[in-house]
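S.K.: My structure file coords-v1.txt, compact mmCIF, C-alpha atoms, is below:
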```txt
# COMPACT_ATOMS: atom_id res chain seq x y z
CA MET A 1 0.00 0.00 0.00
CA LYS A 2 2.88 2.38 0.81
CA LYS A 3 4.35 1.77 -2.64
CA ILE A 4 1.00 2.59 -4.29
CA TRP A 5 0.75 5.93 -2.41
CA ILE A 6 4.31 6.83 -3.36
CA LEU A 7 3.51 6.06 -7.01
CA ILE A 8 0.39 8.26 -6.86
CA LEU A 9 2.35 11.12 -5.28
CA VAL A 10 5.12 10.95 -7.89
CA THR A 11 2.54 10.84 -10.70
CA ALA A 12 0.74 13.89 -9.27
CA LEU A 13 3.97 15.85 -9.00
CA SER A 14 4.88 14.93 -12.57
CA LEU A 15 1.49 16.12 -13.84
CA ALA A 16 1.83 19.42 -11.93
CA SER A 17 5.25 19.91 -13.48
CA CYS A 18 3.89 19.27 -16.99
CA ILE A 19 1.01 21.66 -16.44
CA LYS A 20 3.37 24.39 -15.27
CA VAL A 21 5.63 23.91 -18.28
CA SER A 22 2.74 23.91 -20.74
CA GLN A 23 1.37 27.09 -19.18
CA GLN A 24 4.72 28.84 -19.54
CA ALA A 25 5.05 27.73 -23.14
CA ALA A 26 1.61 29.08 -23.96
CA THR A 27 2.43 32.61 -22.74
CA PRO A 28 2.94 34.80 -25.87
CA THR A 29 6.00 36.96 -26.18
CA PRO A 30 5.07 40.68 -26.13
CA VAL A 31 5.47 42.36 -29.52
CA LEU A 32 6.53 46.02 -29.58
CA PHE A 33 5.54 48.10 -32.57
CA VAL A 34 4.89 51.65 -33.65
CA THR A 35 2.63 53.03 -36.34
CA ALA A 36 3.95 54.20 -39.67
CA THR A 37 3.47 57.82 -38.65
CA LEU A 38 5.89 57.60 -35.74
CA PRO A 39 9.14 55.62 -36.09
CA PRO A 40 11.31 55.32 -32.98
CA THR A 41 14.15 57.87 -32.88
CA LYS A 42 16.93 58.72 -30.46
CA GLN A 43 15.14 61.91 -29.50
CA GLY A 44 11.64 60.49 -29.82
CA LEU A 45 9.63 57.45 -28.89
CA SER A 46 11.11 55.29 -26.16
CA LEU A 47 9.84 51.74 -26.55
CA PRO A 48 8.87 50.03 -23.29
CA THR A 49 11.16 47.32 -21.97
CA ASP A 50 10.35 44.56 -19.53
CA THR A 51 12.71 44.47 -16.55
CA PRO A 52 11.76 41.43 -14.43
CA GLY A 53 11.86 42.11 -10.73
CA ALA A 54 12.60 45.82 -11.12
CA SER A 55 9.69 46.77 -8.88
CA GLU A 56 10.56 44.17 -6.26
CA THR A 57 13.78 45.80 -5.04
CA PRO A 58 13.26 49.38 -3.78
CA ASP A 59 16.08 51.85 -4.25
CA ALA A 60 17.83 52.46 -0.97
CA SER A 61 17.62 56.22 -1.48
CA THR A 62 13.83 56.17 -1.83
CA ALA A 63 12.88 53.35 0.53
CA ALA A 64 10.34 54.23 3.20
CA GLY A 65 11.99 55.79 6.19
CA SER A 66 15.15 56.80 4.30
CA PRO A 67 16.40 60.43 4.41
CA ALA A 68 15.71 60.83 0.65
CA ALA A 69 12.07 59.79 1.09
CA ALA A 70 11.58 62.29 3.92
CA CYS A 71 13.10 65.36 2.23
CA LYS A 72 11.22 67.84 0.08
CA ASP A 73 12.64 68.99 -3.28
CA SER A 74 12.20 72.64 -4.28
CA ALA A 75 14.06 75.25 -6.32
CA ILE A 76 13.94 78.93 -7.24
CA LEU A 77 15.55 80.66 -10.20
CA LEU A 78 17.18 83.70 -8.62
CA GLU A 79 18.66 85.52 -11.61
CA ASP A 80 20.25 85.47 -15.04
CA VAL A 81 23.92 85.82 -14.17
CA THR A 82 24.89 86.37 -17.82
CA VAL A 83 23.03 87.21 -21.05
CA PRO A 84 19.86 88.96 -19.88
CA ASP A 85 16.72 88.46 -21.99
CA ASN A 86 16.90 90.07 -25.44
CA SER A 87 20.68 90.48 -25.36
CA GLN A 88 22.03 91.57 -28.74
CA MET A 89 24.39 89.08 -30.39
CA GLN A 90 26.48 88.96 -33.56
CA TYR A 91 26.10 86.30 -36.25
CA GLY A 92 27.68 83.04 -35.08
CA GLN A 93 28.84 84.55 -31.78
CA LYS A 94 29.74 82.02 -29.08
CA PHE A 95 28.50 82.88 -25.59
CA THR A 96 27.94 81.39 -22.15
CA LYS A 97 24.53 81.54 -20.52
CA THR A 98 24.53 81.18 -16.73
CA TRP A 99 21.53 80.92 -14.40
CA ARG A 100 21.63 81.07 -10.60
CA PHE A 101 19.33 78.75 -8.64
CA GLN A 102 18.64 78.35 -4.96
CA ASN A 103 18.02 74.93 -3.47
CA ASN A 104 15.23 76.02 -1.14
CA GLY A 105 14.06 72.49 -0.42
CA LYS A 106 15.38 69.97 2.09
CA CYS A 107 17.06 67.56 -0.37
CA ASN A 108 20.74 67.88 -1.20
CA TRP A 109 21.21 67.99 -4.97
CA SER A 110 23.43 65.33 -6.49
CA GLY A 111 23.15 64.13 -10.09
CA TYR A 112 20.77 66.98 -11.00
CA THR A 113 20.79 68.47 -14.51
CA ILE A 114 19.29 71.20 -16.64
CA VAL A 115 17.80 69.84 -19.88
CA PHE A 116 17.08 71.54 -23.20
CA ILE A 117 13.44 70.82 -24.03
CA ALA A 118 12.28 73.11 -26.84
CA GLY A 119 12.74 76.28 -28.82
CA ASP A 120 15.90 77.45 -30.58
CA ARG A 121 18.77 75.11 -29.76
CA MET A 122 21.66 77.48 -30.61
CA ALA A 123 24.07 74.50 -30.42
CA SER A 124 22.95 73.79 -26.86
CA PRO A 125 23.90 70.41 -25.38
CA ASP A 126 20.98 68.13 -24.51
CA SER A 127 21.79 68.60 -20.82
CA ALA A 128 24.27 70.17 -18.43
CA SER A 129 25.20 68.98 -14.94
CA VAL A 130 24.24 70.94 -11.85
CA PRO A 131 27.10 70.96 -9.33
CA PRO A 132 26.25 69.18 -6.05
CA THR A 133 24.30 71.66 -3.92
CA GLU A 134 23.31 71.42 -0.27
CA ALA A 135 19.83 72.41 0.83
CA GLY A 136 19.57 76.17 1.32
CA ARG A 137 22.57 76.94 -0.92
CA THR A 138 22.76 78.65 -4.32
CA VAL A 139 24.42 77.28 -7.43
CA ASP A 140 25.34 78.63 -10.88
CA VAL A 141 24.67 76.46 -13.95
CA SER A 142 25.96 77.30 -17.44
CA VAL A 143 25.64 76.17 -21.06
CA GLU A 144 27.86 77.10 -23.99
CA LEU A 145 25.82 78.39 -26.95
CA THR A 146 26.31 79.77 -30.45
CA ALA A 147 24.15 82.50 -31.98
CA PRO A 148 22.48 81.66 -35.34
CA SER A 149 23.53 83.42 -38.55
CA LEU A 150 20.18 84.97 -39.45
CA ASP A 151 18.41 88.05 -38.07
CA GLY A 152 15.68 87.32 -35.58
CA GLY A 153 14.74 86.68 -31.98
CA TYR A 154 15.76 83.28 -30.60
CA THR A 155 14.61 81.53 -27.43
CA GLY A 156 15.72 78.19 -25.98
CA TYR A 157 13.74 76.55 -23.16
CA TYR A 158 15.15 74.38 -20.36
CA GLU A 159 13.98 72.40 -17.32
CA LEU A 160 15.67 71.55 -14.03
CA ARG A 161 15.53 67.80 -13.29
CA ASN A 162 16.52 65.69 -10.32
CA ALA A 163 18.64 62.53 -10.38
CA ASN A 164 15.55 60.47 -11.31
CA GLY A 165 14.82 62.66 -14.32
CA GLU A 166 11.81 64.31 -12.67
CA THR A 167 11.16 67.98 -13.44
CA LEU A 168 11.41 70.47 -10.58
CA ALA A 169 9.24 73.56 -10.62
CA ILE A 170 11.25 76.76 -10.16
CA GLY A 171 8.77 78.97 -8.40
CA ALA A 172 5.57 79.20 -10.44
CA GLU A 173 7.16 77.92 -13.68
CA LYS A 174 8.62 74.64 -14.85
CA THR A 175 10.68 76.15 -17.67
CA PHE A 176 13.36 78.81 -17.88
CA TRP A 177 15.04 80.18 -20.97
CA VAL A 178 17.75 82.07 -22.79
CA ARG A 179 16.64 84.71 -25.30
CA ILE A 180 18.85 86.65 -27.70
CA VAL A 181 18.29 89.05 -30.59
CA ILE A 182 20.33 89.18 -33.79
CA GLY A 183 20.21 92.10 -36.19
CA ASN A 184 17.72 94.94 -36.30
CA VAL A 185 14.85 93.11 -34.62
CA ALA A 186 12.57 94.54 -31.96
CA ALA A 187 12.95 92.90 -28.57
CA ALA A 188 9.98 90.73 -27.71
CA PRO A 189 8.56 89.61 -24.38
CA VAL A 190 9.33 86.03 -23.39
CA SER A 191 6.50 83.61 -22.77
CA THR A 192 6.32 79.87 -22.22
CA LEU A 193 3.15 79.90 -24.30
CA ALA A 194 3.07 80.51 -28.03
CA PRO A 195 0.92 83.33 -29.46
CA MET A 196 -2.50 82.21 -30.56
CA SER A 197 -2.18 83.97 -33.90
CA ILE A 198 0.29 84.02 -36.79
CA GLY A 199 0.51 87.11 -38.93
CA GLY A 200 -2.75 88.30 -37.39
CA VAL A 201 -4.51 85.04 -38.33
CA PRO A 202 -5.85 83.15 -35.27
CA THR A 203 -4.64 79.57 -34.86
CA VAL A 204 -7.16 76.80 -34.43
CA LYS A 205 -8.77 76.97 -31.00
CA VAL A 206 -7.64 74.04 -28.87
CA THR A 207 -10.15 72.19 -26.73
CA GLY A 208 -9.40 69.47 -24.21
CA PRO A 209 -6.99 69.69 -21.27
CA ALA A 210 -7.84 72.49 -18.89
CA SER A 211 -4.20 73.54 -18.82
CA CYS A 212 -1.63 72.99 -21.56
CA ASN A 213 1.74 74.65 -21.11
CA TYR A 214 3.29 74.26 -24.57
CA SER A 215 6.28 75.83 -26.29
CA THR A 216 6.96 76.58 -29.94
CA SER A 217 10.06 77.18 -32.06
CA SER A 218 10.19 79.54 -35.03
CA SER A 219 13.60 78.16 -35.96
CA TYR A 220 12.22 74.60 -36.16
CA ALA A 221 9.45 75.78 -38.48
CA ASN A 222 11.94 77.73 -40.60
CA GLU A 223 14.26 74.72 -40.81
CA ILE A 224 11.44 72.46 -42.01
CA THR A 225 10.52 75.08 -44.62
CA SER A 226 14.10 75.27 -45.88
CA LEU A 227 14.52 71.48 -46.01
CA ILE A 228 11.31 71.05 -48.00
CA ASN A 229 12.08 73.83 -50.48
CA ASN A 230 15.65 72.64 -50.99
CA ALA A 231 14.34 69.15 -51.77
CA ARG A 232 11.87 70.56 -54.28
CA LEU A 233 14.55 72.66 -56.00
CA GLN A 234 16.85 69.64 -56.22
CA ASN A 235 14.05 67.75 -57.96
CA GLY A 236 13.32 70.50 -60.49
CA LEU A 237 10.25 71.85 -58.70
CA PRO A 238 9.57 75.45 -57.64
CA ALA A 239 9.89 76.40 -53.98
CA LEU A 240 6.66 76.77 -52.02
CA ALA A 241 5.60 80.15 -50.66
CA VAL A 242 4.89 80.29 -46.93
CA ASN A 243 1.28 81.35 -46.38
CA VAL A 244 0.31 82.80 -42.99
CA ARG A 245 -3.15 81.21 -43.08
CA LEU A 246 -1.72 77.77 -43.79
CA SER A 247 0.84 78.42 -41.03
CA ALA A 248 -1.99 79.28 -38.62
CA ALA A 249 -3.82 76.05 -39.51
CA ALA A 250 -0.65 73.97 -39.15
CA GLN A 251 0.37 75.61 -35.88
CA GLY A 252 -3.10 75.14 -34.43
CA HIS A 253 -3.03 71.43 -35.27
CA SER A 254 0.45 70.99 -33.76
CA ILE A 255 -0.75 72.64 -30.55
CA ASP A 256 -3.85 70.45 -30.60
CA MET A 257 -1.78 67.26 -30.96
CA ALA A 258 0.72 68.39 -28.31
CA CYS A 259 -1.96 69.31 -25.78
CA HIS A 260 -3.66 65.94 -26.23
CA GLY A 261 -0.45 63.94 -26.63
CA VAL A 262 -1.56 62.23 -29.85
CA ILE A 263 -0.38 61.89 -33.45
CA SER A 264 -3.42 62.15 -35.71
CA HIS A 265 -4.65 63.93 -38.82
CA THR A 266 -8.04 64.27 -37.13
CA GLY A 267 -8.32 67.20 -34.75
CA SER A 268 -9.62 66.84 -31.20
CA ASP A 269 -12.86 68.40 -32.46
CA GLY A 270 -13.08 65.86 -35.31
CA SER A 271 -11.82 68.32 -37.94
CA SER A 272 -9.90 67.35 -41.09
CA VAL A 273 -7.00 69.24 -42.62
CA HIS A 274 -9.39 70.64 -45.24
CA GLN A 275 -11.70 72.03 -42.55
CA ARG A 276 -8.80 73.52 -40.55
CA VAL A 277 -7.35 75.20 -43.64
CA ALA A 278 -10.77 76.65 -44.47
CA ALA A 279 -11.29 77.77 -40.86
CA ALA A 280 -8.03 79.73 -41.09
CA GLY A 281 -9.52 81.65 -44.03
CA TYR A 282 -7.65 79.92 -46.87
CA SER A 283 -9.75 79.08 -49.92
CA ALA A 284 -8.04 75.97 -51.30
CA SER A 285 -8.58 74.09 -54.54
CA ARG A 286 -6.60 71.27 -52.90
CA SER A 287 -4.94 70.76 -49.53
CA SER A 288 -2.99 68.03 -47.78
CA GLU A 289 -1.01 67.49 -44.60
CA ILE A 290 1.97 65.59 -43.22
CA ILE A 291 2.67 65.19 -39.49
CA TYR A 292 5.38 63.77 -37.27
CA GLY A 293 6.04 63.28 -33.57
CA SER A 294 9.34 63.66 -31.71
CA GLY A 295 12.87 64.47 -32.78
CA TYR A 296 14.48 67.42 -34.50
CA PRO A 297 13.49 68.96 -37.87
CA GLN A 298 16.08 66.94 -39.80
CA THR A 299 14.76 63.75 -38.17
CA ALA A 300 11.19 64.54 -39.25
CA PHE A 301 12.24 65.53 -42.76
CA ASP A 302 14.42 62.43 -43.28
CA TRP A 303 11.58 60.14 -42.27
CA TRP A 304 9.11 61.89 -44.55
CA MET A 305 11.50 61.63 -47.49
CA ASN A 306 12.06 57.92 -46.82
CA ASP A 307 8.35 57.19 -46.90
CA GLN A 308 6.88 57.24 -50.41
CA ILE A 309 3.51 58.75 -49.50
CA HIS A 310 5.05 61.62 -47.54
CA ARG A 311 7.80 62.13 -50.13
CA ASP A 312 5.14 62.46 -52.83
CA GLU A 313 3.42 65.22 -50.86
CA ILE A 314 6.66 67.14 -50.37
CA LEU A 315 7.44 66.85 -54.09
CA ASN A 316 3.86 67.39 -55.28
CA PRO A 317 3.94 69.64 -58.39
CA ASN A 318 0.29 70.63 -57.86
CA VAL A 319 0.77 72.62 -54.65
CA THR A 320 2.15 76.16 -54.50
CA GLU A 321 2.07 77.15 -50.81
CA MET A 322 2.64 75.67 -47.39
CA GLY A 323 2.51 76.40 -43.66
CA VAL A 324 4.52 74.72 -40.91
CA GLY A 325 3.61 74.25 -37.26
CA TYR A 326 5.53 72.93 -34.25
CA ALA A 327 4.55 72.59 -30.59
CA TYR A 328 6.24 70.93 -27.63
CA VAL A 329 4.80 69.59 -24.39
CA SER A 330 7.36 67.86 -22.18
CA ASP A 331 5.12 65.38 -20.35
CA THR A 332 3.68 63.72 -23.48
CA ALA A 333 4.73 60.53 -25.27
CA HIS A 334 6.33 62.30 -28.22
CA GLY A 335 7.37 65.71 -26.89
CA GLY A 336 7.41 67.67 -30.15
CA TYR A 337 4.66 67.66 -32.79
CA TYR A 338 5.21 68.77 -36.40
CA THR A 339 2.56 69.69 -38.97
CA VAL A 340 3.02 70.80 -42.58
CA ASP A 341 -0.06 71.91 -44.54
CA PHE A 342 0.25 72.07 -48.35
CA ALA A 343 -2.29 73.81 -50.57
CA SER A 344 -3.06 75.68 -53.75
CA PRO A 345 -5.62 78.49 -53.99
```
Translate the structure described by the file into C-alpha cells.

M.R.:
Amino acid sequence: MKKIWILILVTALSLASCIKVSQQAATPTPVLFVTATLPPTKQGLSLPTDTPGASETPDASTAAGSPAAACKDSAILLEDVTVPDNSQMQYGQKFTKTWRFQNNGKCNWSGYTIVFIAGDRMASPDSASVPPTEAGRTVDVSVELTAPSLDGGYTGYYELRNANGETLAIGAEKTFWVRIVIGNVAAAPVSTLAPMSIGGVPTVKVTGPASCNYSTSSSYANEITSLINNARLQNGLPALAVNVRLSAAAQGHSIDMACHGVISHTGSDGSSVHQRVAAAGYSASRSSEIIYGSGYPQTAFDWWMNDQIHRDEILNPNVTEMGVGYAYVSDTAHGGYYTVDFASP
C-alpha cells in the first residue's frame, strides 16, 4: 500500500510539473511596434522594456523611512547671471549663458541636470550637470551656446531635473530660458506659451486639457521650410511660398496634438485638414497634410523623405504654398509635434 501511495504522489507531482511547463510555453512573447506615422528615434519614442523584478527591489535612497524619502525637493531661479533676456548678439557669436538657482528644499542635490526641451537650440547640449548643492545653498549652472547666422529673436527653453529625471518647478514655472536678438529686430517679451495667432490670423482653438503649457520654435518651423524647399529645387520643382493662413492652420493642429499627446490627422474636435485650412480663411482648390512626432526637424524631414507617400506630398507639383507648425509639451509621449499643410488656392 505504501508503494502505491508513493507512485500516486510521484505521478501527481509529474502532472503538476507538466502543467506548469505547458502554461509557460503558452504565454505569448510581447510584440513592440509603432505606427507608420511615428518611427522610434533617439530623441523620440522610447519603446517600453520589460525588466523582471525591477519593482521588487526598492532603491535604498527612496525606501520608506530613508532620508531621501523624507526630504522635500524645491528650487527657485534667482537671476540670469549672464546674457539677460533680449541680449544683442552677432552672427555666429559664441557665448555662455549662466543661471543662478537656490536649493530652497530639504534635499541635497546630487546628479541633477538642466535639460534643453524646446525652442531654438543654438548649439545647446541636450543637458548640463548641476554641481552638487546642499539644501539652502545657491548654485550657478551654465551652457555654452552659439548664436544663429540669421536676423531674428531666438529663445531656448530648459527644465531643471533631479537625479531620477523628474522635473522640478522653479517657483511658479517649470521652464526657464535664454533669449537673444540678432540684427535689427525689436525685442519681444518672453513667454512659455506661443501666441494664438500668426501674422494676425488666429490659430485653431484648442479644446481638451484644462491647462496645456506648450512651447513653440520659429527656428524649427523655418528649418522644415528650408529642407522642403531645398528638396523641391533639387528635384526641379519650384519652392513653395509660406502662407500665414496655412501656417496658422498647421500651428493650431500641432498645438492640438501636443496638448492631447496624440499623433493624428483628425483634430480633437473631429476636424480634417481641409476644414482647418478653411477655418483659417484659406480658400483651397486642394490641400494636404503631413505630421510627425518627436525628434528634431532633420529627423522629421528624413523620415518623410524615406516614406513614399510623404515624399510624394513634399514633391507634389500641384501645390504652390505651405505652412509649418511645431509645438512641444514635455510630459507627453512624443514631446514635439510637427505639422506641414500644403495647398493651392

S.K.: Excluding segment 258-266 of chain A and any residue of its chain fewer than 4 positions from it, enumerate the residues within 7 Å of it, using only C-alpha atoms, and give them as a list of chain:residue names.

M.R.: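 Skipping anything fewer than 4 positions along the chain leaves A:Pro209, A:Cys212, A:Ser254, A:Gly270, A:Ser271, A:Ser272, A:Val273, A:Gly293, A:Ala327, A:Tyr328, A:Val329, A:Thr332, A:Ala333, A:Gly336, A:Tyr337.
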
S.K.: So how far away is atom CA of Pro84 of chain A from atom CA of Thr138 of chain A, in Å?

M.R.: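 That distance, rounded to one decimal, is 18.9 Å.
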
S.K.: Hey, can you check how far atom CA of Asn104 of chain A sits from atom CA of Ala75 of chain A?

M.R.: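 So the two atoms, atom CA of Asn104 of chain A and atom CA of Ala75 of chain A, lie 5.4 Å apart.
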
S.K.: Suppose you want the space between atom CA of Tyr296 of chain A and atom CA of Tyr158 of chain A; what is it in Å?

M.R.: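 Interatomic distance, atom CA of Tyr296 of chain A to atom CA of Tyr158 of chain A: 15.8 Å.
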
S.K.: I need the residue nearest Lys97 of chain A from this list: A:Glu144, A:Glu159, A:Asp85, A:Asp126. Use all atoms listed in the file for the distance.

M.R.: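 Nearest candidate to Lys97 of chain A out of A:Glu144, A:Glu159, A:Asp85, A:Asp126: A:Glu144.
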
S.K.: The residues within 9 Å of (21.1, 93.5, -33.6), using all atoms listed in the file and the coordinates of the file, should be reported as an MDAnalysis selection string; which are they?

M.R.: chainID A and resid 87:90 151:152 181:186

S.K.: With 9 Å as the threshold, what does the neighbourhood of (12.2, 73.6, -29.2) contain in terms of residues, counting all atoms listed in the file? Coordinates are those of the file; answer as a PDB file with C-alpha atoms, in the coordinates of the input.

M.R.:
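File written: selection08.pdb
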```pdb
ATOM      1  CA  PHE A 116      17.080  71.540 -23.200  1.00  0.00           C
ATOM      2  CA  ILE A 117      13.440  70.820 -24.030  1.00  0.00           C
ATOM      3  CA  ALA A 118      12.280  73.110 -26.840  1.00  0.00           C
ATOM      4  CA  GLY A 119      12.740  76.280 -28.820  1.00  0.00           C
ATOM      5  CA  ASP A 120      15.900  77.450 -30.580  1.00  0.00           C
ATOM      6  CA  ARG A 121      18.770  75.110 -29.760  1.00  0.00           C
ATOM      7  CA  THR A 155      14.610  81.530 -27.430  1.00  0.00           C
ATOM      8  CA  GLY A 156      15.720  78.190 -25.980  1.00  0.00           C
ATOM      9  CA  TYR A 157      13.740  76.550 -23.160  1.00  0.00           C
ATOM     10  CA  SER A 215       6.280  75.830 -26.290  1.00  0.00           C
ATOM     11  CA  THR A 216       6.960  76.580 -29.940  1.00  0.00           C
ATOM     12  CA  SER A 217      10.060  77.180 -32.060  1.00  0.00           C
ATOM     13  CA  SER A 218      10.190  79.540 -35.030  1.00  0.00           C
ATOM     14  CA  SER A 219      13.600  78.160 -35.960  1.00  0.00           C
ATOM     15  CA  TYR A 220      12.220  74.600 -36.160  1.00  0.00           C
ATOM     16  CA  TYR A 296      14.480  67.420 -34.500  1.00  0.00           C
ATOM     17  CA  TYR A 326       5.530  72.930 -34.250  1.00  0.00           C
ATOM     18  CA  ALA A 327       4.550  72.590 -30.590  1.00  0.00           C
ATOM     19  CA  TYR A 328       6.240  70.930 -27.630  1.00  0.00           C
ATOM     20  CA  GLY A 336       7.410  67.670 -30.150  1.00  0.00           C
TER      21      GLY A 336
END
```

S.K.: Using only C-alpha atoms for the distances, tell me which of A:Asp307, A:Asp341, A:Glu313, A:Glu134 is nearest to His253 of chain A.

M.R.: A:Asp341

S.K.: With all atoms listed in the file as the atoms that count, which of A:Thr175, A:Asn213, A:Gln308, A:Gln298 lies nearest to Ser226 of chain A?

M.R.: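 Ranked by minimum distance to Ser226 of chain A, first place goes to A:Gln298.
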
S.K.: When you count all atoms listed in the file, which of these residues is closest to Ala239 of chain A: A:Pro125, A:Pro317, A:Pro345, A:Gly92?

M.R.: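 Among the listed residues, A:Pro317 lies closest to Ala239 of chain A.
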
S.K.: Can you tell me which residues surround Tyr112 of chain A at a distance of at most 6 Å, considering all atoms listed in the file, apart from same-chain residues fewer than 6 positions away, and format the answer as JSON, numbers by chain?

M.R.: {"A": [130, 161, 162, 163]}

S.K.: A:Ala221, A:Thr82, A:Ser287, A:Trp109: which is nearest Asn164 of chain A, counting all atoms listed in the file?

M.R.: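 Of the candidates, the smallest distance to Asn164 of chain A is held by A:Trp109.
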